[in-house]
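Colleague: To start, I am sharing the structure in question, which I have written as structure tokens.
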Amino acid sequence: MRHIISLLMENEAGALSRVAGLFSARGYNIESLTVAPTEDATLSRMTIVTRGSDEVIEQITKQLNKLIDVVKVQDLTDGGHIERELMLVKVRATGDLREEMKRMADIFRGRIIDVTDKVYTIELTGAGSKLDAFLEALEPSTILETVRTGASGIGRGDRVLKI
Amino acid sequence: MADTELTGAEIVVRCLQAEGVEHVFGYPGGAVLNIYDEIYKQDKFQHILVRHEQAAVHAADAYSRATGKVGVALVTSGPGATNAVTGIATAYMDSIPLVVITGQVPTPAIGMDAFQEVDTVGITRPCVKHNFLVKDVRDLACTLKKAFHIAATGRPGPVVVDIPKDVTQHACAFRYPESIQMRSYNPTAKGHAGQIKRAVQLLLEAKRPVIYTGGGVVLGDAAGQLTELARLLGFPVTNTLMGLGGYPSPDPLFLGMLGMHGTYEANMAMQHCDVLLAVGARFDDRVIGNPRHFAKEARKIIHIDVDPSSISKRVKVDVPIVGEVARVLDEITRQSQAAGTPDAAALKAWWAQIELWRAQDCLKYDRQASVIKPQFVVEKLYEVTGGEAYVTSDVGQHQMWAAQYYKFVRPRRWINSGGLGTMGVGMPYAMGVQKAFPDAMVACITGEGSIQMNIQELATCQQEKLPIKVILLNNGYLGMVRQWQEFFYEERYSESYVASLPDFVKLAEAYGHVGMRIEKPEDVEPALRRAFGEYRERLVFIDFVTDPRENVYPMIPAGKGLSEMILI
């Protein structure tokens, strides 16, 4: 099962490597990992997308909680949540492709944020599956470059991760 | 205390004094010279100069195991830190509270591949409870306070504090915090009331109960509580290798150690019980063998541990109780007394079954042999010391014989590397214990392989006049390797014969100690009596020439189940 684990940790040097090291040392899978400071500059928030059986996910949350710098851990997939990921895609935009790419971006509610005579750069936000779908909808040879942030997530409604 | 300006080096020394540290094991070097200069100027704690940094950490580790205090080691940057890593990992695997202070190159030189620079925080990260790099002298006192707090609380463990040389030179106002609050670290002490209630109910309804306890009972100072509960219920008790001494071995309720080289009765009872109370133990591979085989028999498991991640890691647990084992056991005892009594008839039948298993006499060996049997040496050591010695061991066959045949009565007397299985710990462990208890009998049971991994510490023992007794069970082989090769590799003894052994008697004498070589069974006891009598004040190194073909029984082959033991 795919799980999205959110955590708050002390915003200190080396905090990221403690989490990354834990995952590699114990053989846990990381699909994506994003981290940035929160509105409280002493705290960082991390979103980790991982896969594993219930037992493995239980161990992952326990082991994360055990890290001294980790303040709080929440498995977002335990309840209602929203997941978003940002992708920037550079595509070929010559001849017929100029119109085609504009149309595709519109369909997926993306925005073209950089234009040259040969290339568009499209910004797209959504769940990971939507970004996958966009890439699949394009002819592979037209994709010049992609960059994705990995998922960020937040609980729905009044489900709040805060200290 | 008024704020006064002190250098970082002075602050380190003052913090250690404020923590009540009496002994620091270490080795100087460039990056820690300022700290050593301050140590020279003070007399509140003693520094013990080892001959290799690994031994400094092992000695601090054993000091902690024997006393319950936080052990302290001090080493320099680069190779000082890397040499310390084995010691740190050893302590980490057995949850021993240590503060290891490592020197570091000056902050402007970090990342420049400076002389004796290594990323100590990076290298030690996977084998510490936590570590710190102190980049500002103003953070130093608070960081050391946190280090001691983290090391000693919750599930204990080693904490490394890496201090760059310039930080030890810089000065700032010093005030040692009296207490520390960390929003990210608050271990659970008290067990969940509902779970404790369920546990009591299960225990009183049990037909075939077993109490299985590990190092957590020793480290959590819960041996008294465990004994009280076991005797109240009349339940059989087994200890892991790390848990020995947590329950008095000669007691009739005690089934001996369980696991790969555990007793037949302990392993069979563990496999066939219907209610298992696991306390401060972690169901590791050397204890229950194959978890699928273990799960074949249905049983309810209650698991008490201070570390939530130890619960339901290898074995699914029915009643998890996170908390300090002493507190939780107390609560279970109190509630059990109020709730009723166990099922006496069922318990009687269960004990009858256990006595049948016990009648197997799985620890028997040839007592008439003309060569010295290693088990015999351990039994004689037990007799000669009246069971009162602190026994350290190295790793291998001798470690298992020590665990099987020395009947530990009290906790913190059996000091060995269970988790990491570090050969070479035995002598530094004995040093740490003897330093803590100068008048105690301290025996290091070792093999000719292990002892050579830290033999240089004979010099430290001479400098410190540590009268430890080295009990070398010399069979000429890396015995446990040889045993596995005999059982599982068709007797192809690849590189397990240790040729060119030194003359250990001369070696001991060269370091200024007493050496003996004992080759006949009838000479074993007199030699031990001389070591602990006539030579009480001296380090005595006894090279016992033992049967090279002796194996450790019972044995559960790796990957097999608890009831699949090889018996003699």
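In the structure tokens, chains take the letters A, B, ... in the order shown, each chain's residues start at 1, and ligands count up from 1 in the order shown.
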Can you check which residues of chain B have any atom within 12 Å of chain A? Use only C-alpha atoms and format it as a PyMOL selection string.

Modeller: chain B and resi 119+121-135+146-147+149-151+153-157+159+182-188+306-317

Colleague: For the residues selected in the previous step, produce a file with C-alpha atoms as a PDB file, in the first residue's frame.

Modeller:
```pdb
ATOM      1  CA  ASP B 119      32.617  13.267   9.189  1.00  0.00           C
ATOM      2  CA  VAL B 121      28.427  12.787  12.856  1.00  0.00           C
ATOM      3  CA  GLY B 122      27.839  11.152   9.471  1.00  0.00           C
ATOM      4  CA  ILE B 123      29.794   7.984  10.271  1.00  0.00           C
ATOM      5  CA  THR B 124      28.193   7.452  13.667  1.00  0.00           C
ATOM      6  CA  ARG B 125      24.633   8.436  12.751  1.00  0.00           C
ATOM      7  CA  PRO B 126      23.325   4.887  12.201  1.00  0.00           C
ATOM      8  CA  CYS B 127      24.834   3.572  15.436  1.00  0.00           C
ATOM      9  CA  VAL B 128      23.967   6.255  18.000  1.00  0.00           C
ATOM     10  CA  LYS B 129      20.781   7.203  19.760  1.00  0.00           C
ATOM     11  CA  HIS B 130      21.625  10.752  18.744  1.00  0.00           C
ATOM     12  CA  ASN B 131      24.637  12.843  17.867  1.00  0.00           C
ATOM     13  CA  PHE B 132      25.618  16.495  17.803  1.00  0.00           C
ATOM     14  CA  LEU B 133      28.197  18.667  16.111  1.00  0.00           C
ATOM     15  CA  VAL B 134      28.739  21.733  18.309  1.00  0.00           C
ATOM     16  CA  LYS B 135      29.642  24.676  16.105  1.00  0.00           C
ATOM     17  CA  LYS B 146      20.983  17.083  26.306  1.00  0.00           C
ATOM     18  CA  ALA B 147      23.509  14.338  25.541  1.00  0.00           C
ATOM     19  CA  HIS B 149      19.615  13.324  29.212  1.00  0.00           C
ATOM     20  CA  ILE B 150      19.063  11.504  25.923  1.00  0.00           C
ATOM     21  CA  ALA B 151      21.622   8.771  26.701  1.00  0.00           C
ATOM     22  CA  THR B 153      16.321   8.178  29.499  1.00  0.00           C
ATOM     23  CA  GLY B 154      13.783   6.126  27.555  1.00  0.00           C
ATOM     24  CA  ARG B 155      15.539   3.268  25.800  1.00  0.00           C
ATOM     25  CA  PRO B 156      19.123   4.215  26.669  1.00  0.00           C
ATOM     26  CA  GLY B 157      21.883   4.473  24.100  1.00  0.00           C
ATOM     27  CA  VAL B 159      25.220   9.841  22.219  1.00  0.00           C
ATOM     28  CA  MET B 182      12.798  18.852  24.538  1.00  0.00           C
ATOM     29  CA  ARG B 183       9.552  19.112  22.615  1.00  0.00           C
ATOM     30  CA  SER B 184      10.700  16.347  20.275  1.00  0.00           C
ATOM     31  CA  TYR B 185      11.767  13.839  22.928  1.00  0.00           C
ATOM     32  CA  ASN B 186       9.485  12.655  25.723  1.00  0.00           C
ATOM     33  CA  PRO B 187       9.746   8.905  26.354  1.00  0.00           C
ATOM     34  CA  THR B 188       6.715   7.176  27.821  1.00  0.00           C
ATOM     35  CA  VAL B 306      10.076   1.271  26.847  1.00  0.00           C
ATOM     36  CA  ASP B 307      10.691   1.442  23.092  1.00  0.00           C
ATOM     37  CA  PRO B 308       7.481   1.262  21.016  1.00  0.00           C
ATOM     38  CA  SER B 309       9.467   0.242  17.926  1.00  0.00           C
ATOM     39  CA  SER B 310      10.561  -2.977  19.669  1.00  0.00           C
ATOM     40  CA  ILE B 311       6.941  -4.062  19.902  1.00  0.00           C
ATOM     41  CA  SER B 312       5.440  -6.024  17.006  1.00  0.00           C
ATOM     42  CA  LYS B 313       8.688  -5.751  15.048  1.00  0.00           C
ATOM     43  CA  ARG B 314       9.426  -9.455  14.463  1.00  0.00           C
ATOM     44  CA  VAL B 315       6.454 -11.003  16.236  1.00  0.00           C
ATOM     45  CA  LYS B 316       2.886  -9.714  16.326  1.00  0.00           C
ATOM     46  CA  VAL B 317       1.876  -8.860  19.881  1.00  0.00           C
TER      47      VAL B 317
END
```

Colleague: At a cut-off of 7 Å, using only C-alpha atoms, what residues contact Asp75 (chain A)? Leave out same-chain residues fewer than 3 positions from it and give the result as a ChimeraX atom specification.

Modeller: /A:3-6,78

Colleague: Selected residues, N, CA and C atoms, written as an mmCIF file, in the first residue's frame, please.

Modeller:
```cif
data_model
loop_
_atom_site.group_PDB
_atom_site.id
_atom_site.type_symbol
_atom_site.label_atom_id
_atom_site.label_comp_id
_atom_site.auth_asym_id
_atom_site.auth_seq_id
_atom_site.Cartn_x
_atom_site.Cartn_y
_atom_site.Cartn_z
ATOM 1 N N HIS A 3 1.590 4.928 1.108
ATOM 2 C CA HIS A 3 1.274 5.790 2.253
ATOM 3 C C HIS A 3 1.981 7.126 2.106
ATOM 4 N N ILE A 4 1.303 8.173 2.588
ATOM 5 C CA ILE A 4 1.933 9.496 2.630
ATOM 6 C C ILE A 4 2.133 9.838 4.100
ATOM 7 N N ILE A 5 3.391 9.946 4.499
ATOM 8 C CA ILE A 5 3.691 10.223 5.901
ATOM 9 C C ILE A 5 4.204 11.652 6.024
ATOM 10 N N SER A 6 3.551 12.411 6.905
ATOM 11 C CA SER A 6 3.957 13.790 7.141
ATOM 12 C C SER A 6 4.651 13.862 8.474
ATOM 13 N N ASP A 78 -4.130 7.585 6.635
ATOM 14 C CA ASP A 78 -5.051 7.050 7.640
ATOM 15 C C ASP A 78 -6.405 7.757 7.605
#
```

Colleague: In Å, with one decimal, what is the gap from CA of Arg138 (chain B) to CA of Cys15 (chain B)?

Modeller: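 It comes out at 13.1 Å.
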
Colleague: Can you list, as a PyMOL selection string, all residues belonging to region 1-146 of chain A that DSSP tags as strand (DSSP E or B)?

Modeller: chain A and resi 2-10+32-37+43-51+70-75+81-92+111-115+119-126+143-146

Colleague: Which residues come within 9 Å of region 335-339 of chain B, counting only C-alpha atoms, excluding same-chain residues fewer than 4 positions away, as an mmCIF file with N, CA and C atoms, in the first residue's frame?

Modeller:
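Written file, part.cif:
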```cif
data_model
loop_
_atom_site.group_PDB
_atom_site.id
_atom_site.type_symbol
_atom_site.label_atom_id
_atom_site.label_comp_id
_atom_site.auth_asym_id
_atom_site.auth_seq_id
_atom_site.Cartn_x
_atom_site.Cartn_y
_atom_site.Cartn_z
ATOM 1 N N ILE B 196 -2.691 -2.763 30.738
ATOM 2 C CA ILE B 196 -2.220 -3.473 31.934
ATOM 3 C C ILE B 196 -3.340 -4.359 32.485
ATOM 4 N N LYS B 197 -4.544 -3.842 32.462
ATOM 5 C CA LYS B 197 -5.697 -4.616 32.938
ATOM 6 C C LYS B 197 -5.895 -5.883 32.091
ATOM 7 N N VAL B 200 -3.194 -8.433 32.982
ATOM 8 C CA VAL B 200 -3.445 -9.132 34.251
ATOM 9 C C VAL B 200 -4.463 -10.251 34.033
ATOM 10 N N GLN B 201 -5.503 -9.913 33.298
ATOM 11 C CA GLN B 201 -6.548 -10.899 33.018
ATOM 12 C C GLN B 201 -5.976 -12.114 32.273
ATOM 13 N N LEU B 203 -2.883 -13.132 32.199
ATOM 14 C CA LEU B 203 -1.944 -13.873 33.053
ATOM 15 C C LEU B 203 -2.691 -14.799 34.007
ATOM 16 N N LEU B 204 -3.778 -14.289 34.574
ATOM 17 C CA LEU B 204 -4.503 -15.105 35.556
ATOM 18 C C LEU B 204 -5.282 -16.240 34.903
ATOM 19 N N LEU B 229 6.924 -10.532 40.898
ATOM 20 C CA LEU B 229 5.778 -10.954 40.092
ATOM 21 C C LEU B 229 5.843 -12.451 39.782
ATOM 22 N N LEU B 232 4.981 -14.427 42.834
ATOM 23 C CA LEU B 232 3.562 -14.274 43.161
ATOM 24 C C LEU B 232 2.723 -15.227 42.301
ATOM 25 N N LEU B 233 3.055 -15.286 41.004
ATOM 26 C CA LEU B 233 2.252 -16.093 40.087
ATOM 27 C C LEU B 233 2.733 -17.542 40.027
ATOM 28 N N ASP B 330 5.469 -3.434 38.451
ATOM 29 C CA ASP B 330 4.892 -3.099 39.756
ATOM 30 C C ASP B 330 3.371 -3.042 39.688
ATOM 31 N N GLU B 331 2.894 -2.389 38.655
ATOM 32 C CA GLU B 331 1.458 -2.199 38.476
ATOM 33 C C GLU B 331 0.780 -3.551 38.220
#
```

Colleague: Which polymer residues have any atom within 10 Å of an atom of Val552 (chain B), counting only C-alpha atoms, with same-chain residues fewer than 3 positions away left out, as a ChimeraX atom specification?

Modeller: /B:260-262,363,374-375,396-401,404,479-480,483,555,566-568

Colleague: Between CA of His170 (chain B) and CA of Gly20 (chain B), what is the distance, to one decimal in Å?

Modeller: 24.4 Å

Colleague: With distances taken over only C-alpha atoms, which residue among B:Gly432, B:Gly289, B:Pro106, B:Gly68 lies nearest Met565 (chain B)?

Modeller: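 For Met565 (chain B), the nearest of the given residues is B:Gly289.
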
Colleague: Can you list every residue in chain A that DSSP puts in helix (DSSP H, G or I), as number ranges by chain?

Modeller: A: 15-25, 54-66, 76-78, 97-107, 128-137, 140-142

Colleague: Could you save the residues just selected, with C-alpha atoms, as a compact mmCIF listing (two decimals), in the first residue's frame?

Modeller:
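Contents of again_24.txt, freshly written:
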```
# COMPACT_ATOMS: atom_id res chain seq x y z
CA ALA A 15 17.86 16.38 10.14
CA LEU A 16 17.12 15.30 6.57
CA SER A 17 20.01 12.86 6.54
CA ARG A 18 18.69 11.21 9.71
CA VAL A 19 15.42 10.43 7.96
CA ALA A 20 17.04 9.42 4.69
CA GLY A 21 19.57 7.28 6.58
CA LEU A 22 16.83 5.56 8.54
CA PHE A 23 15.01 4.57 5.35
CA SER A 24 18.12 3.19 3.66
CA ALA A 25 19.46 1.44 6.78
CA ASP A 54 0.78 -2.58 7.37
CA GLU A 55 3.57 -4.03 9.53
CA VAL A 56 6.25 -2.15 7.62
CA ILE A 57 4.33 1.13 7.76
CA GLU A 58 3.81 0.67 11.51
CA GLN A 59 7.57 0.20 11.92
CA ILE A 60 8.30 3.21 9.72
CA THR A 61 6.13 5.51 11.83
CA LYS A 62 7.58 4.10 15.06
CA GLN A 63 11.15 4.44 13.84
CA LEU A 64 10.51 8.00 12.64
CA ASN A 65 9.02 8.89 16.01
CA LYS A 66 12.13 7.46 17.65
CA LEU A 76 -1.97 11.11 6.09
CA THR A 77 -3.40 8.07 4.34
CA ASP A 78 -5.05 7.05 7.64
CA LEU A 97 3.01 21.15 -31.85
CA ARG A 98 2.65 24.79 -30.73
CA GLU A 99 -1.12 24.58 -30.85
CA GLU A 100 -1.24 20.96 -29.64
CA MET A 101 0.84 21.69 -26.55
CA LYS A 102 -1.23 24.73 -25.65
CA ARG A 103 -4.39 22.62 -25.88
CA MET A 104 -2.94 19.81 -23.75
CA ALA A 105 -1.84 22.27 -21.08
CA ASP A 106 -5.34 23.75 -20.99
CA ILE A 107 -7.01 20.34 -20.71
CA GLY A 128 0.91 12.37 -8.81
CA SER A 129 -1.46 10.31 -10.94
CA LYS A 130 -2.61 13.40 -12.80
CA LEU A 131 0.97 14.37 -13.60
CA ASP A 132 1.61 10.82 -14.80
CA ALA A 133 -1.46 11.04 -17.01
CA PHE A 134 -0.28 14.27 -18.57
CA LEU A 135 3.09 12.79 -19.46
CA GLU A 136 1.40 9.72 -20.92
CA ALA A 137 -0.80 11.91 -23.06
CA PRO A 140 7.46 10.86 -25.72
CA SER A 141 9.72 12.45 -28.30
CA THR A 142 8.14 15.87 -27.64
```

Colleague: Which polymer residues have any atom within 10 Å of an atom of Pro37 (chain A), counting only C-alpha atoms, with same-chain residues fewer than 2 positions away left out, as an NGL selection string?

Modeller: :A and (8-11 or 35 or 39-46)

Colleague: Could you list, as a PDB file with C-alpha atoms, in the first residue's frame, every residue within 8 Å of region 45-56 of chain B, counting only C-alpha atoms and ignoring same-chain residues fewer than 5 positions away?

Modeller:
```pdb
ATOM      1  CA  GLN B  17      31.857  17.359  36.807  1.00  0.00           C
ATOM      2  CA  VAL B  21      31.216  11.803  36.239  1.00  0.00           C
ATOM      3  CA  GLU B  22      33.992  10.035  38.134  1.00  0.00           C
ATOM      4  CA  HIS B  23      35.801   8.224  35.347  1.00  0.00           C
ATOM      5  CA  VAL B  24      36.490   9.141  31.746  1.00  0.00           C
ATOM      6  CA  PHE B  25      38.085   6.598  29.429  1.00  0.00           C
ATOM      7  CA  GLY B  26      40.013   8.114  26.572  1.00  0.00           C
ATOM      8  CA  TYR B  27      43.001   8.775  24.403  1.00  0.00           C
ATOM      9  CA  ILE B  39      41.645  17.606  32.568  1.00  0.00           C
ATOM     10  CA  ALA B  73      34.657   8.276  26.629  1.00  0.00           C
ATOM     11  CA  LEU B  74      36.827  10.965  25.068  1.00  0.00           C
ATOM     12  CA  VAL B  75      38.723  10.556  21.806  1.00  0.00           C
ATOM     13  CA  GLY B  80      40.269   8.501  17.128  1.00  0.00           C
ATOM     14  CA  ALA B  81      36.625   8.716  16.164  1.00  0.00           C
ATOM     15  CA  ASN B  83      38.424   3.590  16.151  1.00  0.00           C
ATOM     16  CA  ALA B  84      35.637   4.419  18.583  1.00  0.00           C
ATOM     17  CA  VAL B  85      32.896   3.404  16.143  1.00  0.00           C
ATOM     18  CA  THR B  86      32.956  -0.328  16.984  1.00  0.00           C
ATOM     19  CA  GLY B  87      32.566   0.544  20.650  1.00  0.00           C
ATOM     20  CA  VAL B 425      35.227  -6.480  24.276  1.00  0.00           C
ATOM     21  CA  PRO B 428      38.144  -3.548  28.127  1.00  0.00           C
ATOM     22  CA  ASN B 454      42.381  -5.960  22.321  1.00  0.00           C
ATOM     23  CA  GLN B 456      47.203  -4.210  24.095  1.00  0.00           C
ATOM     24  CA  GLU B 457      44.978  -3.265  27.030  1.00  0.00           C
ATOM     25  CA  ALA B 459      49.254  -2.249  29.468  1.00  0.00           C
ATOM     26  CA  THR B 460      46.302  -0.132  30.629  1.00  0.00           C
ATOM     27  CA  GLU B 464      45.803   1.357  36.476  1.00  0.00           C
TER      28      GLU B 464
END
```
